[in-house]
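Engineer: Below is the file run-v7.csv, which contains CSV, C-alpha atoms.
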```
chain,number,residue,atom,x,y,z
A,54,MET,CA,60.0,31.2,136.2
A,55,ILE,CA,59.8,28.7,133.4
A,56,ASN,CA,58.0,29.6,130.2
A,57,HIS,CA,57.5,26.8,127.6
A,58,VAL,CA,57.3,29.1,124.5
A,59,ALA,CA,57.5,26.5,121.6
A,60,SER,CA,56.8,22.8,121.6
A,61,PHE,CA,58.0,20.0,119.3
A,62,ALA,CA,54.5,19.1,118.3
A,63,ASP,CA,53.5,22.6,117.1
A,64,GLN,CA,56.8,24.2,115.9
A,65,GLY,CA,59.1,21.3,115.3
A,66,PHE,CA,61.4,22.3,118.2
A,67,GLU,CA,61.2,23.2,121.8
A,68,TRP,CA,62.0,26.6,123.3
A,69,THR,CA,62.0,27.0,127.0
A,70,ASP,CA,62.7,30.4,128.5
A,71,LEU,CA,63.9,30.6,132.2
A,72,VAL,CA,63.8,33.9,134.1
A,73,ASP,CA,65.8,33.8,137.4
A,74,PRO,CA,65.5,30.0,137.7
A,75,SER,CA,66.2,28.1,140.9
A,76,LEU,CA,69.0,25.6,141.1
A,77,GLU,CA,66.5,22.8,141.2
A,78,GLU,CA,64.8,24.0,138.0
A,79,LEU,CA,68.1,24.2,136.2
A,80,ASN,CA,69.1,20.7,137.4
A,81,ASP,CA,65.8,19.3,136.1
A,82,LEU,CA,66.4,20.8,132.7
A,83,ALA,CA,70.0,19.6,132.8
A,84,ARG,CA,68.9,16.0,133.3
A,85,LYS,CA,66.2,16.3,130.6
A,86,TYR,CA,68.6,17.6,127.9
A,87,LYS,CA,71.7,16.0,129.3
A,88,LEU,CA,73.6,19.3,129.9
A,89,HIS,CA,77.1,19.3,131.2
A,90,PRO,CA,77.2,20.4,134.9
A,91,ALA,CA,80.1,22.9,134.3
A,92,LEU,CA,78.0,24.7,131.7
A,93,VAL,CA,75.0,24.8,134.1
A,94,LYS,CA,77.3,26.3,136.7
A,95,ASP,CA,78.3,29.0,134.2
A,96,CYS,CA,74.7,30.0,133.9
A,97,LEU,CA,74.7,31.0,137.6
A,98,GLN,CA,77.7,33.3,137.4
A,99,PRO,CA,76.3,36.9,136.9
A,100,ASP,CA,79.6,38.3,135.7
A,101,HIS,CA,80.6,35.6,133.2
A,102,LEU,CA,82.0,37.0,130.0
A,103,PRO,CA,80.8,36.0,126.5
A,104,LYS,CA,81.7,32.5,125.4
A,105,TYR,CA,80.8,29.8,122.9
A,106,GLU,CA,81.3,26.1,123.5
A,107,ARG,CA,80.5,23.3,121.2
A,108,MET,CA,79.4,20.0,122.8
A,109,GLU,CA,78.5,16.7,121.1
A,110,ASN,CA,74.7,17.3,120.7
A,111,TYR,CA,74.3,21.0,121.4
A,112,SER,CA,76.1,24.3,121.7
A,113,PHE,CA,76.4,26.6,124.7
A,114,ILE,CA,76.4,30.4,124.3
A,115,ILE,CA,76.8,33.2,126.9
A,116,PHE,CA,75.9,36.6,125.4
A,117,ARG,CA,76.1,39.9,127.2
A,118,ILE,CA,73.5,42.4,126.2
A,119,HIS,CA,73.5,46.1,127.0
A,120,THR,CA,71.3,47.2,129.9
A,121,ASP,CA,68.9,50.1,130.2
A,122,ASN,CA,70.9,51.3,133.1
A,123,ASN,CA,71.2,55.1,132.9
A,124,VAL,CA,73.7,55.6,135.7
A,125,ALA,CA,76.2,58.1,134.5
A,126,GLU,CA,79.1,56.5,136.4
A,127,ALA,CA,78.4,52.9,135.4
A,128,ASP,CA,81.7,51.3,134.4
A,129,THR,CA,81.6,47.6,135.3
A,130,VAL,CA,80.4,44.5,133.4
A,131,GLN,CA,77.4,43.9,135.6
A,132,LEU,CA,76.3,47.6,135.6
A,133,LEU,CA,76.5,48.0,131.8
A,134,THR,CA,75.5,44.5,130.6
A,135,HIS,CA,73.2,41.6,131.5
A,136,LYS,CA,74.0,37.9,130.7
A,137,ILE,CA,71.9,35.6,128.6
A,138,ALA,CA,72.8,31.9,128.6
A,139,ILE,CA,71.6,29.9,125.6
A,140,PHE,CA,71.7,26.1,125.1
A,141,TYR,CA,71.1,25.4,121.4
A,142,GLY,CA,70.4,22.0,119.8
A,143,GLU,CA,68.8,20.9,116.6
A,144,LYS,CA,65.5,20.2,118.3
A,145,PHE,CA,65.6,22.6,121.3
A,146,LEU,CA,66.6,26.0,122.6
A,147,LEU,CA,67.0,27.0,126.2
A,148,THR,CA,67.4,30.7,127.2
A,149,ILE,CA,68.3,31.5,130.8
A,150,HIS,CA,68.5,35.0,132.3
A,151,ARG,CA,68.0,36.7,135.7
A,152,ARG,CA,65.5,39.3,134.6
A,153,GLU,CA,62.9,39.8,131.8
A,154,HIS,CA,64.0,41.6,128.7
A,155,GLU,CA,61.7,43.4,126.3
A,156,PHE,CA,63.4,42.3,123.1
A,157,ILE,CA,62.6,38.6,123.9
A,158,LYS,CA,58.8,39.1,123.8
A,159,PRO,CA,58.6,39.8,120.0
A,160,LEU,CA,60.7,36.6,119.5
A,161,MET,CA,58.2,34.7,121.6
A,162,ASP,CA,55.4,36.0,119.4
A,163,LEU,CA,57.3,34.9,116.2
A,164,ALA,CA,57.9,31.4,117.6
A,165,CYS,CA,54.3,31.0,118.8
A,166,ALA,CA,53.0,32.1,115.4
A,167,GLY,CA,55.1,29.5,113.7
A,168,LYS,CA,57.3,32.0,111.8
A,169,CYS,CA,60.5,30.4,112.9
A,170,GLU,CA,60.9,27.1,111.1
A,171,SER,CA,63.8,25.8,113.1
A,172,SER,CA,65.8,26.3,116.3
A,173,ARG,CA,68.7,27.6,114.2
A,174,GLU,CA,66.5,30.3,112.7
A,175,LEU,CA,65.3,31.2,116.1
A,176,LEU,CA,68.9,31.3,117.4
A,177,ASN,CA,69.8,33.7,114.5
A,178,ALA,CA,66.9,36.0,115.5
A,179,LEU,CA,67.9,35.9,119.2
A,180,VAL,CA,71.6,36.7,118.6
A,181,SER,CA,70.6,39.5,116.2
A,182,ALA,CA,68.2,40.9,118.9
A,183,CYS,CA,71.0,40.7,121.4
A,184,LEU,CA,73.4,42.7,119.1
A,185,ASN,CA,70.7,45.3,118.6
A,186,THR,CA,70.8,46.2,122.3
A,187,TYR,CA,74.1,48.0,121.5
A,188,GLU,CA,72.6,50.2,118.8
A,189,ALA,CA,70.9,52.8,121.1
A,190,PRO,CA,73.9,53.1,123.5
A,191,LEU,CA,76.2,53.5,120.5
A,192,ALA,CA,74.2,56.6,119.4
A,193,LYS,CA,74.2,57.9,122.9
A,194,LEU,CA,77.9,57.5,123.4
A,195,ALA,CA,78.5,59.2,120.0
A,196,LYS,CA,76.5,62.2,121.2
A,197,SER,CA,78.5,62.2,124.5
A,198,VAL,CA,81.8,62.3,122.5
A,199,ASP,CA,80.5,65.2,120.4
A,200,TYR,CA,79.5,67.0,123.6
A,201,PHE,CA,82.9,66.6,125.2
A,202,GLU,CA,84.6,67.6,122.0
A,203,GLU,CA,82.6,70.8,122.0
A,204,ILE,CA,83.6,71.5,125.6
A,205,VAL,CA,87.3,70.8,124.9
A,206,PHE,CA,87.6,73.0,121.9
A,207,LEU,CA,84.9,75.7,122.3
A,208,ARG,CA,83.7,76.2,125.8
A,209,PRO,CA,85.4,77.3,129.0
A,210,LYS,CA,86.3,74.3,131.1
A,211,LYS,CA,83.8,74.9,134.0
A,212,VAL,CA,82.4,71.3,134.1
A,213,PRO,CA,84.0,68.2,135.6
A,214,LEU,CA,85.4,67.4,132.2
A,215,LEU,CA,88.1,64.9,133.1
A,216,LYS,CA,85.7,62.8,135.2
A,217,GLY,CA,83.1,62.7,132.5
A,218,LEU,CA,85.8,61.7,129.9
A,219,TYR,CA,87.0,58.9,132.2
A,220,TYR,CA,83.6,57.3,132.6
A,221,LEU,CA,82.8,57.7,128.9
A,222,LYS,CA,86.2,56.0,128.0
A,223,ARG,CA,85.4,53.2,130.5
A,224,LYS,CA,82.0,52.6,128.9
A,225,ILE,CA,83.3,52.5,125.4
A,226,ASP,CA,86.2,50.3,126.2
A,227,LEU,CA,84.1,47.8,128.2
A,228,LEU,CA,81.3,47.5,125.6
A,229,LYS,CA,84.0,47.2,122.9
A,230,ARG,CA,85.5,44.3,124.9
A,231,MET,CA,82.1,42.6,125.2
A,232,LEU,CA,81.7,42.7,121.4
A,233,ILE,CA,85.3,41.4,120.8
A,234,LEU,CA,84.6,38.5,123.2
A,235,SER,CA,81.3,37.8,121.4
A,236,PHE,CA,83.1,37.3,118.1
A,237,GLU,CA,83.5,33.5,118.7
A,238,ILE,CA,79.7,33.3,119.0
A,239,ILE,CA,79.1,35.1,115.7
A,240,ASP,CA,81.8,33.2,113.9
A,241,ALA,CA,80.4,29.8,115.1
A,242,ILE,CA,76.9,30.7,114.0
A,243,ASP,CA,78.0,32.0,110.6
A,244,SER,CA,80.1,28.8,109.9
A,245,THR,CA,80.2,26.8,106.7
A,246,GLU,CA,76.5,26.1,107.2
A,247,GLY,CA,75.7,29.8,107.3
A,248,ASP,CA,73.0,31.5,105.3
A,249,VAL,CA,71.7,34.9,104.5
A,250,ASN,CA,70.5,35.5,108.1
A,251,THR,CA,73.8,34.5,109.7
A,252,ARG,CA,75.7,36.7,107.2
A,253,ASP,CA,73.4,39.6,108.2
A,254,ILE,CA,74.3,39.0,111.8
A,255,ARG,CA,78.0,39.0,111.0
A,256,ASP,CA,77.6,42.3,109.0
A,257,GLN,CA,75.7,43.7,112.0
A,258,TYR,CA,78.5,42.7,114.3
A,259,VAL,CA,81.2,44.2,112.0
A,260,LYS,CA,79.2,47.5,111.8
A,261,PHE,CA,79.0,47.8,115.6
A,262,GLN,CA,82.6,46.8,116.1
A,263,ASN,CA,83.7,49.5,113.6
A,264,MET,CA,81.6,52.1,115.3
A,265,PHE,CA,83.0,51.2,118.7
A,266,ASP,CA,86.6,51.3,117.3
A,267,SER,CA,85.9,54.7,115.9
A,268,LEU,CA,84.4,56.0,119.2
A,269,ALA,CA,87.3,54.5,121.2
A,270,GLU,CA,89.8,56.2,118.9
A,271,ASN,CA,88.0,59.5,119.2
A,272,ILE,CA,87.8,59.4,123.0
A,273,HIS,CA,91.5,58.5,123.2
A,274,GLN,CA,92.4,61.4,120.9
A,275,LEU,CA,90.1,63.7,122.9
A,276,LEU,CA,91.9,62.8,126.1
A,277,ALA,CA,95.3,63.4,124.5
A,278,ILE,CA,94.1,66.8,123.2
A,279,TYR,CA,92.7,67.7,126.6
A,280,PHE,CA,96.0,66.8,128.4
A,281,SER,CA,97.9,68.6,125.7
A,282,ALA,CA,95.7,71.7,126.1
A,283,SER,CA,96.0,71.6,129.9
A,284,SER,CA,99.8,71.3,129.6
A,285,GLN,CA,99.9,74.2,127.2
A,286,LYS,CA,97.9,76.3,129.5
A,287,THR,CA,100.2,75.5,132.4
A,288,ASN,CA,103.2,76.3,130.3
A,289,GLU,CA,101.6,79.7,129.4
A,290,ILE,CA,101.1,80.5,133.0
A,291,MET,CA,104.6,79.5,133.9
A,292,ARG,CA,105.9,81.6,131.0
A,293,VAL,CA,104.0,84.7,132.3
A,294,LEU,CA,105.2,84.2,135.8
A,295,THR,CA,108.8,83.7,134.6
A,296,ILE,CA,108.7,86.9,132.6
A,297,LEU,CA,107.3,88.9,135.6
A,298,SER,CA,110.0,87.5,137.9
A,299,VAL,CA,112.7,88.5,135.3
A,300,PHE,CA,111.3,92.1,135.3
A,301,PHE,CA,111.4,92.3,139.1
A,302,MET,CA,114.7,90.6,139.8
A,303,PRO,CA,117.0,93.6,138.8
A,304,LEU,CA,114.7,96.0,140.6
A,305,THR,CA,114.8,93.9,143.7
A,306,PHE,CA,118.6,93.8,143.4
A,307,ILE,CA,118.7,97.7,143.2
A,308,VAL,CA,116.4,98.1,146.2
A,309,GLY,CA,118.4,95.6,148.2
A,310,ILE,CA,121.6,97.5,147.7
A,311,TYR,CA,120.1,100.9,148.6
A,312,GLY,CA,118.3,99.4,151.5
A,313,MET,CA,121.5,98.4,153.4
A,314,ASN,CA,121.9,100.3,156.7
A,315,PHE,CA,125.5,101.5,156.4
A,316,ASP,CA,126.6,105.0,157.5
A,317,VAL,CA,129.1,105.5,154.7
A,318,MET,CA,127.5,104.7,151.3
A,319,PRO,CA,128.0,106.3,147.9
A,320,GLU,CA,125.2,108.5,146.7
A,321,LEU,CA,123.5,108.2,150.1
A,322,HIS,CA,123.2,111.9,150.6
A,323,TRP,CA,122.7,113.0,147.0
A,324,LYS,CA,119.7,115.2,146.5
A,325,ILE,CA,119.0,113.5,143.2
A,326,GLY,CA,119.6,110.0,144.7
A,327,TYR,CA,115.9,109.0,144.9
A,328,PRO,CA,114.9,110.2,141.4
A,329,GLY,CA,118.1,108.8,140.0
A,330,VAL,CA,117.4,105.3,141.4
A,331,MET,CA,113.8,105.5,140.2
A,332,GLY,CA,115.0,106.5,136.8
A,333,LEU,CA,117.5,103.6,136.8
A,334,MET,CA,114.7,101.2,137.6
A,335,VAL,CA,112.6,102.6,134.7
A,336,VAL,CA,115.6,102.2,132.3
A,337,VAL,CA,116.2,98.6,133.4
A,338,THR,CA,112.5,97.7,133.1
A,339,VAL,CA,112.2,99.3,129.6
A,340,SER,CA,115.5,97.6,128.5
A,341,ILE,CA,114.3,94.2,129.6
A,342,TYR,CA,110.9,94.8,127.8
A,343,PHE,CA,112.6,95.6,124.4
A,344,TRP,CA,115.0,92.8,124.8
A,345,PHE,CA,112.1,90.3,125.3
A,346,LYS,CA,110.3,91.8,122.3
A,347,ARG,CA,113.4,91.4,120.2
A,348,LYS,CA,113.7,87.8,121.2
A,349,GLY,CA,110.0,87.2,120.5
A,350,TRP,CA,109.2,86.2,124.1
A,351,LEU,CA,106.4,88.8,124.4
```
Write out the structure in this file as structure tokens.
Structural biologist:
Amino acid sequence: MINHVASFADQGFEWTDLVDPSLEELNDLARKYKLHPALVKDCLQPDHLPKYERMENYSFIIFRIHTDNNVAEADTVQLLTHKIAIFYGEKFLLTIHRREHEFIKPLMDLACAGKCESSRELLNALVSACLNTYEAPLAKLAKSVDYFEEIVFLRPKKVPLLKGLYYLKRKIDLLKRMLILSFEIIDAIDSTEGDVNTRDIRDQYVKFQNMFDSLAENIHQLLAIYFSASSQKTNEIMRVLTILSVFFMPLTFIVGIYGMNFDVMPELHWKIGYPGVMGLMVVVTVSIYFWFKRKGWL
């Protein structure tokens, strides 16, 4: 679907928005605006990563925005983000995407109302809106990190903790990578010709980047603490089992000796043989207990 939002006669620049365009529609626009075929081909790749490319008369931008996908186990580029391709020139702006996005509608209203004086101003507003799609997921991811921190430190581990931490780490790392790859776009927009709006976009980008860095660091530390706690718990179990085996080893030795079926054995016919052996076991057990206490192992 092609939507001609702004015209040169009314707004001083053209803005054409394409939603899930056909190859024929793209080729028509490519001929009209003299777009490079390789860049048009990039528009059709659903998993293309963010990029910025400067041509002679226009710039080409691919920006990946966060989706409204609520799948808990989403951990790929296409599940977590959608692609928006932008062709930007002094007198025109083309936006190409496979599905409609809510944040574009207010921008269309601004353009139709004549509140965007140039295509550059519209581009600034569009990139800012794209960045803002990461704000809500950032808050949600921060809450998820807090939730898992509470489980690791305070609650008994009765939930699939490691699986949840894995998908949370994947989401944070992937979205962080999308922002890192988008830096070239922000840097190109806020160039020597930058203004207050472009600097605001850069500040917005730096803010989100720092927040993702903090979340990534927290989740990595949380995973390290989880594995450390799990290892400590395993060591504690092994320590208890080792202590129990040490208690029973001498008792098993004594029982093994007196369980041998020989006719001639010392103490075999003693009347106090049974209570004597039991007393010896008690003495050995108590001795081992006090030895462990003295060593600080109990």
Engineer: By how many Å are CA of Lys216 (chain A) and CA of Asp128 (chain A) apart?
Structural biologist: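 Interatomic distance, CA of Lys216 (chain A) to CA of Asp128 (chain A): 12.2 Å.
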Engineer: Quick check, in Å to one decimal: how far apart do CA of Glu106 (chain A) and CA of Asn122 (chain A) lie?
Structural biologist: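 Between CA of Glu106 (chain A) and CA of Asn122 (chain A) the gap works out to 28.9 Å.
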Engineer: Between CA of Phe140 (chain A) and CA of Lys260 (chain A), what is the distance in Å, rounded to a tenth?
Structural biologist: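 It comes out at 26.3 Å.
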Engineer: If you count only C-alpha atoms, which residues fall within 12 Å of Leu92 (chain A), apart from same-chain ones fewer than 2 positions away, as a compact mmCIF listing (two decimals) with C-alpha atoms, in the frame of the given file?
Structural biologist:
```
# COMPACT_ATOMS: atom_id res chain seq x y z
CA LEU A 79 68.10 24.20 136.20
CA ASN A 80 69.10 20.70 137.40
CA ALA A 83 70.00 19.60 132.80
CA LYS A 87 71.70 16.00 129.30
CA LEU A 88 73.60 19.30 129.90
CA HIS A 89 77.10 19.30 131.20
CA PRO A 90 77.20 20.40 134.90
CA LYS A 94 77.30 26.30 136.70
CA ASP A 95 78.30 29.00 134.20
CA CYS A 96 74.70 30.00 133.90
CA LEU A 97 74.70 31.00 137.60
CA GLN A 98 77.70 33.30 137.40
CA HIS A 101 80.60 35.60 133.20
CA LYS A 104 81.70 32.50 125.40
CA TYR A 105 80.80 29.80 122.90
CA GLU A 106 81.30 26.10 123.50
CA ARG A 107 80.50 23.30 121.20
CA MET A 108 79.40 20.00 122.80
CA TYR A 111 74.30 21.00 121.40
CA SER A 112 76.10 24.30 121.70
CA PHE A 113 76.40 26.60 124.70
CA ILE A 114 76.40 30.40 124.30
CA ILE A 115 76.80 33.20 126.90
CA ALA A 138 72.80 31.90 128.60
CA ILE A 139 71.60 29.90 125.60
CA PHE A 140 71.70 26.10 125.10
CA ILE A 149 68.30 31.50 130.80
```
Engineer: Using all atoms listed in the file, which of the listed residues (A:Leu146, A:Val339, A:Val299, A:Leu221) sits closest to Glu126 (chain A)?
Structural biologist: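 The shortest atom-to-atom distance to Glu126 (chain A) comes from A:Leu221.
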Engineer: Residues within 10 Å of Tyr219 (chain A), please, as a list of chain:residue names. Count all atoms listed in the file; anything in the same chain fewer than 3 positions from it doesn't count.
Structural biologist: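 Surrounding residues, per the criterion: A:Glu126, A:Asp128, A:Leu214, A:Leu215, A:Lys216, A:Lys222, A:Arg223, A:Lys224, A:Ile272, A:Leu276.
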Engineer: Which neighbours of region 250-252 of chain A fall inside 10 Å, counting only C-alpha atoms, when residues of the same chain fewer than 5 positions from it are skipped, and could you give them as an MDAnalysis selection string?
Structural biologist: chainID A and resid 173:174 176:178 180:181 239:244 257:258
Engineer: Would you mind telling me which residue in A:Tyr342, A:Phe265, A:Phe301, A:Trp350 lies nearest to Met231 (chain A) when using all atoms listed in the file?
Structural biologist: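 Smallest separation from Met231 (chain A) among the options: A:Phe265.
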Engineer: Select, from A:Thr134, A:Leu163, A:Met318, A:Val93, the residue with the minimum atom-to-atom distance to Asp81 (chain A), counting only C-alpha atoms.
Structural biologist: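 When distances to Asp81 (chain A) are compared using only C-alpha atoms, the smallest one comes from A:Val93.
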Engineer: Considering all atoms listed in the file, can you say which of A:Asp266, A:Asp248, A:Glu143, A:Glu155 comes closest to Ser172 (chain A)?
Structural biologist: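 Looking only at the distances to Ser172 (chain A), the closest residue turns out to be A:Glu143.
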Engineer: In the coordinate frame of the file, compute which residues have an atom within 9 Å of (80.1, 39.6, 120.5) when using all atoms listed in the file, and state them as a list in words.
Structural biologist: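 So the residues meeting the distance criterion are Pro103, Lys104, Phe116, Arg117, Leu184, Lys229, Arg230, Met231, Leu232, Ile233, Leu234, Ser235, Phe236, Glu237, Ile238, Ile239, Tyr258 and Gln262 of chain A.
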Engineer: Under the rule that all atoms listed in the file are counted, which of A:Leu82, A:Leu351, A:Ile325, A:Met331 is the nearest residue to Val308 (chain A)?
Structural biologist: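 Closest to Val308 (chain A) of all the choices is A:Met331.
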Engineer: List as a PyMOL selection string the protein and nucleic acid residues near region 68-77 of chain A, meaning an atom at most 9 Å away when all atoms listed in the file are counted, but skip any in the same chain fewer than 3 places from it.
Structural biologist: chain A and resi 54-61+80-82+97+144-153+164+172
Engineer: Skipping near chain neighbours, those fewer than 5 positions away, what residues fall within 12 Å of region 196-207 of chain A using all atoms listed in the file, listed as an NGL selection string?
Structural biologist: :A and (125 or 189-191 or 212-222 or 224-225 or 265 or 267-283)
